[in-house]
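Working notes, structure below.
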Amino acid sequence: MIISKAERLNSVKEYYFSSKLRQIKELNDKGMDILNMAIGSPDLAPHETVVETLTQGAINKGIHGYQSYKGIDTLREAISSYYQSAYDVSFDPKQEILPLMGSKEGITHITQAFINPGDTVLIPDPGYPTYSSVSELAGAKTEVYDLLEDNNYQLNIESIEKMDLSKVKLMWINFPHMPTGAEPDMEVIRALIKLAKAHKFLIINDNPYSRILIDKPFSIFQVEGAEDVALELNSLSKSHNMAGWRLGWVCGKSSYIETILGIKSNADSGMFYPLQMAAAKALLLGEEWFRELNEQYKKRQSLIFKLFDLLECTYNPEQVGLFVWARIPDHIANVEELVDDLIFNAEVFITPGKIFGKNGERYLRASLCSNEQNIDLALTRIKAFKIAQKEKEEAI
Ligand SMILES: Cc1ncc(COP(=O)(O)O)c(C=O)c1O
């Protein structure tokens, strides 16, 4: 390479799935048929009226130009009424909501908008890897806080209080939590908000999973006083099967939203008008949409539990969200070996928990984004794999 890359790139590695999926594609190209149970990209379709709004909208003339940096009024108003009906939280659609191209985009913009080099960012372990990579790209120091099974994956406020919080500017939380499927304890969130006020840091709740297998959706703004020190990211990716459409938003106090717009308005030039109209349509679908969606996910979840039973893993049957998080048995020494064994000998790809941090080392994460037929096939293959493994052990 004649031109050297920027030094900031030395702080990040290629995303695990980017390289692993390349390996899996190569194996499939050579004749294998590996079932991908790893990725949280919904296989189900968006509601037909949503697709219709996009396709019909795209036919119109005069809507193909740049759109407002703040999103169209119709979309912000739909987000506001969705927040009211789903979470019982009110936002001014004019000033307290900023549509985004997915919540992942928001993680970058929020970091760029608030972080100076040398600031500290608190991130969960286990947690979504983007929080740390984006922070490090911005020159921040990341400190992890533990989410442990022994503590039902809740924040341990006492141990966070003992950390050096003097340089903490941002803290990422993500409830309902990916990958563990934990829902938050409201008392703990209340205590966290108190802590953030005392130490002057901003909490961002990354909230894309709040509608999956959950009866009462959580928002950090359900806690009184949260607006002074919190923002929330949300997204249509998982809740409305629209991951590829890239539609999300950030909501919170208008001054924080203005600050983020300072970055966003320099990064893109708005979203395609029919896409925003379709997003508004999706947000106004009502509860029947979620009832049907969750019926399917419930069936898939119980099949994935069976899959983990076969692998002698343990898990919380009450977990929520788009994945199943399971602890591998103590007699398995090497999780990576198990993941590769499953790829090569059962043709099933399940995510190793360690990519979410050191606290994920003894865990696996399987996605609910495979249909029942494929999960059944994975079950059959893993059964055969276990039998072959047993026969091999007995022959020794
Ligand atoms: C915890 C978490 N946050 C954010 C995202 C990104 O979602 P979006 O598609 O809205 O950018 C994901 C995607 O998998 C995720 O798991």
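The way I read the labels, and the way they are meant: chains A, B, ... in the order of the structure tokens, residue 1 as the first residue of every chain, and ligand 1 as the first ligand shown, with later ones counted on from there.
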Open item on the list: For ligand 1, return the neighbouring residues as a PyMOL selection string (distance at most 7 Å; only C-alpha atoms and all ligand atoms).
Closed with: chain A and resi 40+102-105+128+174+178+206-208+234-237+243+246-248
Open item on the list: as a PyMOL selection string, please: every residue in stretch 167-369 of chain A that a backbone DSSP assignment puts in alpha helix (DSSP H).
Closed with: chain A and resi 186-199+236-239+254-267+273-283+287-310+335-346
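Around A:Lys281, within 9 Å and counting only C-alpha atoms, the residues found are Thr49, Val50, Thr53, Leu75, Ala78 and Gln276 of chain A, once anything fewer than 5 positions away on its own chain is removed.
Considering only C-alpha atoms, the residue among A:Met1, A:Leu213, A:Met277, A:Val134 positioned nearest to A:Asp73 is A:Met277.
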Taking a cut-off of 8 Å and counting only C-alpha atoms, can you build a table that, for each residue of stretch 268-339 of chain A near stretch 371-382 of chain A, reports the nearest atom pair and how far apart they are in Å (one decimal), sorted by chain then residue number, as a Markdown table?
| residue | atom | partner | partner_atom | distance |
| --- | --- | --- | --- | --- |
| A:Lys299 | CA | A:Glu372 | CA | 7.7 |
| A:Arg300 | CA | A:Glu372 | CA | 6.0 |
| A:Leu303 | CA | A:Ile375 | CA | 6.8 |
| A:Ile304 | CA | A:Ile375 | CA | 7.0 |
| A:Lys306 | CA | A:Leu379 | CA | 7.7 |
| A:Leu307 | CA | A:Leu379 | CA | 5.6 |
| A:Leu310 | CA | A:Ile382 | CA | 7.4 |
| A:Leu311 | CA | A:Ile382 | CA | 7.9 |
Task: Nearby residues (only C-alpha atoms) at most 9 Å from stretch 180-182 of chain A, same-chain spacing under 6 positions excluded, as an NGL selection string - done: :A and (126-127 or 147 or 149 or 152-154 or 209 or 316 or 318-326 or 365)
TODO: May I have the residues within 9 Å of A:Ile189 as a PyMOL selection string, using only C-alpha atoms and disregarding those fewer than 6 positions away in the same chain?
DONE: chain A and resi 155+220+223
- [ ] Could you please determine the separation between atom CA of A:Leu285 and atom CA of A:Tyr82 in Å, to one decimal place?
- [x]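 One can read the atom CA of A:Leu285 to atom CA of A:Tyr82 distance as 9.3 Å.
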Open item on the list: So that I can see what lies close to A:Asp125, please list as a list in words the residues with an atom at most 7 Å from it, counting only C-alpha atoms and leaving out residues fewer than 6 positions away in the same chain.
Closed with: Val144, Tyr145, Asp146, Leu147, Phe356, Gly357, Lys358 and Asn359 of chain A
I need the chosen residues saved as a short mmCIF file (atom, residue, chain, number, x, y, z; two decimals), in the first residue's frame, with N, CA and C atoms.
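Once everything was written out, this is selection_34.cif:
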data_model
loop_
_atom_site.label_atom_id
_atom_site.label_comp_id
_atom_site.auth_asym_id
_atom_site.auth_seq_id
_atom_site.Cartn_x
_atom_site.Cartn_y
_atom_site.Cartn_z
N VAL A 144 -14.60 -0.80 31.09
CA VAL A 144 -15.77 -1.67 31.07
C VAL A 144 -16.38 -1.78 32.47
N TYR A 145 -17.69 -1.94 32.49
CA TYR A 145 -18.37 -2.33 33.73
C TYR A 145 -18.98 -3.71 33.48
N ASP A 146 -18.98 -4.51 34.55
CA ASP A 146 -19.40 -5.91 34.40
C ASP A 146 -20.91 -6.08 34.47
N LEU A 147 -21.41 -6.95 33.60
CA LEU A 147 -22.80 -7.43 33.72
C LEU A 147 -22.68 -8.94 33.89
N PHE A 356 -18.21 -10.34 22.71
CA PHE A 356 -18.90 -9.25 23.42
C PHE A 356 -18.15 -8.83 24.68
N GLY A 357 -16.97 -9.43 24.90
CA GLY A 357 -16.17 -9.05 26.06
C GLY A 357 -15.77 -10.27 26.88
N LYS A 358 -14.86 -10.04 27.86
CA LYS A 358 -14.31 -11.18 28.60
C LYS A 358 -15.39 -11.91 29.42
N ASN A 359 -16.41 -11.18 29.86
CA ASN A 359 -17.48 -11.84 30.62
C ASN A 359 -18.34 -12.76 29.75
#
Which residues in stretch 68-124 of chain A does DSSP call strand (DSSP E or B)? List them as a short mmCIF file (atom, residue, chain, number, x, y, z; two decimals) with all heavy atoms, in the first residue's frame.
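Listing of part02.cif after writing:
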data_model
loop_
_atom_site.label_atom_id
_atom_site.label_comp_id
_atom_site.auth_asym_id
_atom_site.auth_seq_id
_atom_site.Cartn_x
_atom_site.Cartn_y
_atom_site.Cartn_z
N ILE A 97 -36.50 14.86 18.98
CA ILE A 97 -36.35 13.61 18.22
C ILE A 97 -35.52 13.89 16.97
O ILE A 97 -35.79 14.86 16.26
CB ILE A 97 -37.74 13.07 17.80
CG1 ILE A 97 -38.51 12.58 19.03
CG2 ILE A 97 -37.61 11.95 16.76
CD1 ILE A 97 -39.98 12.31 18.77
N LEU A 98 -34.52 13.03 16.74
CA LEU A 98 -33.72 13.18 15.52
C LEU A 98 -33.65 11.83 14.79
O LEU A 98 -33.01 10.89 15.29
CB LEU A 98 -32.30 13.65 15.88
CG LEU A 98 -31.33 13.84 14.71
CD1 LEU A 98 -31.80 14.93 13.75
CD2 LEU A 98 -29.93 14.18 15.24
N PRO A 99 -34.32 11.71 13.63
CA PRO A 99 -34.22 10.45 12.88
C PRO A 99 -32.78 10.19 12.42
O PRO A 99 -32.03 11.14 12.14
CB PRO A 99 -35.14 10.69 11.67
CG PRO A 99 -36.11 11.73 12.13
CD PRO A 99 -35.30 12.63 13.02
N LEU A 100 -32.43 8.92 12.39
CA LEU A 100 -31.06 8.51 12.03
C LEU A 100 -31.12 7.36 11.03
O LEU A 100 -32.14 6.69 10.89
CB LEU A 100 -30.33 7.97 13.27
CG LEU A 100 -30.13 8.88 14.47
CD1 LEU A 100 -29.65 8.05 15.65
CD2 LEU A 100 -29.11 9.96 14.14
N THR A 120 -13.22 9.59 29.20
CA THR A 120 -13.48 8.16 29.44
C THR A 120 -14.93 7.83 29.07
O THR A 120 -15.83 8.62 29.32
CB THR A 120 -13.22 7.81 30.93
OG1 THR A 120 -11.86 8.10 31.21
CG2 THR A 120 -13.48 6.35 31.22
N VAL A 121 -15.09 6.65 28.48
CA VAL A 121 -16.43 6.16 28.12
C VAL A 121 -16.64 4.82 28.83
O VAL A 121 -15.76 3.95 28.77
CB VAL A 121 -16.56 5.96 26.59
CG1 VAL A 121 -17.94 5.43 26.23
CG2 VAL A 121 -16.30 7.27 25.84
N LEU A 122 -17.76 4.68 29.51
CA LEU A 122 -18.07 3.41 30.19
C LEU A 122 -18.88 2.53 29.25
O LEU A 122 -19.89 2.97 28.69
CB LEU A 122 -18.87 3.66 31.46
CG LEU A 122 -18.20 4.43 32.59
CD1 LEU A 122 -19.14 4.52 33.80
CD2 LEU A 122 -16.91 3.74 33.02
N ILE A 123 -18.43 1.29 29.11
CA ILE A 123 -19.14 0.37 28.21
C ILE A 123 -19.41 -0.97 28.91
O ILE A 123 -18.65 -1.39 29.79
CB ILE A 123 -18.34 0.13 26.90
CG1 ILE A 123 -16.94 -0.40 27.22
CG2 ILE A 123 -18.24 1.39 26.07
CD1 ILE A 123 -16.24 -0.93 26.01
N PRO A 124 -20.49 -1.64 28.53
CA PRO A 124 -20.84 -2.90 29.21
C PRO A 124 -19.99 -4.07 28.73
O PRO A 124 -19.63 -4.14 27.55
CB PRO A 124 -22.31 -3.12 28.80
CG PRO A 124 -22.47 -2.38 27.51
CD PRO A 124 -21.49 -1.25 27.52
#
Open item on the list: Under the rule that only C-alpha atoms are counted, which of A:Asn294, A:Thr259, A:Gln301, A:Ser132 is the nearest residue to A:Ile110?
Closed with: A:Thr259
Task: Who sits within 8 Å of stretch 266-271 of chain A, only C-alpha atoms, same chain under 4 positions skipped, as a PyMOL selection string - done: chain A and resi 66-71+101+262+275-276
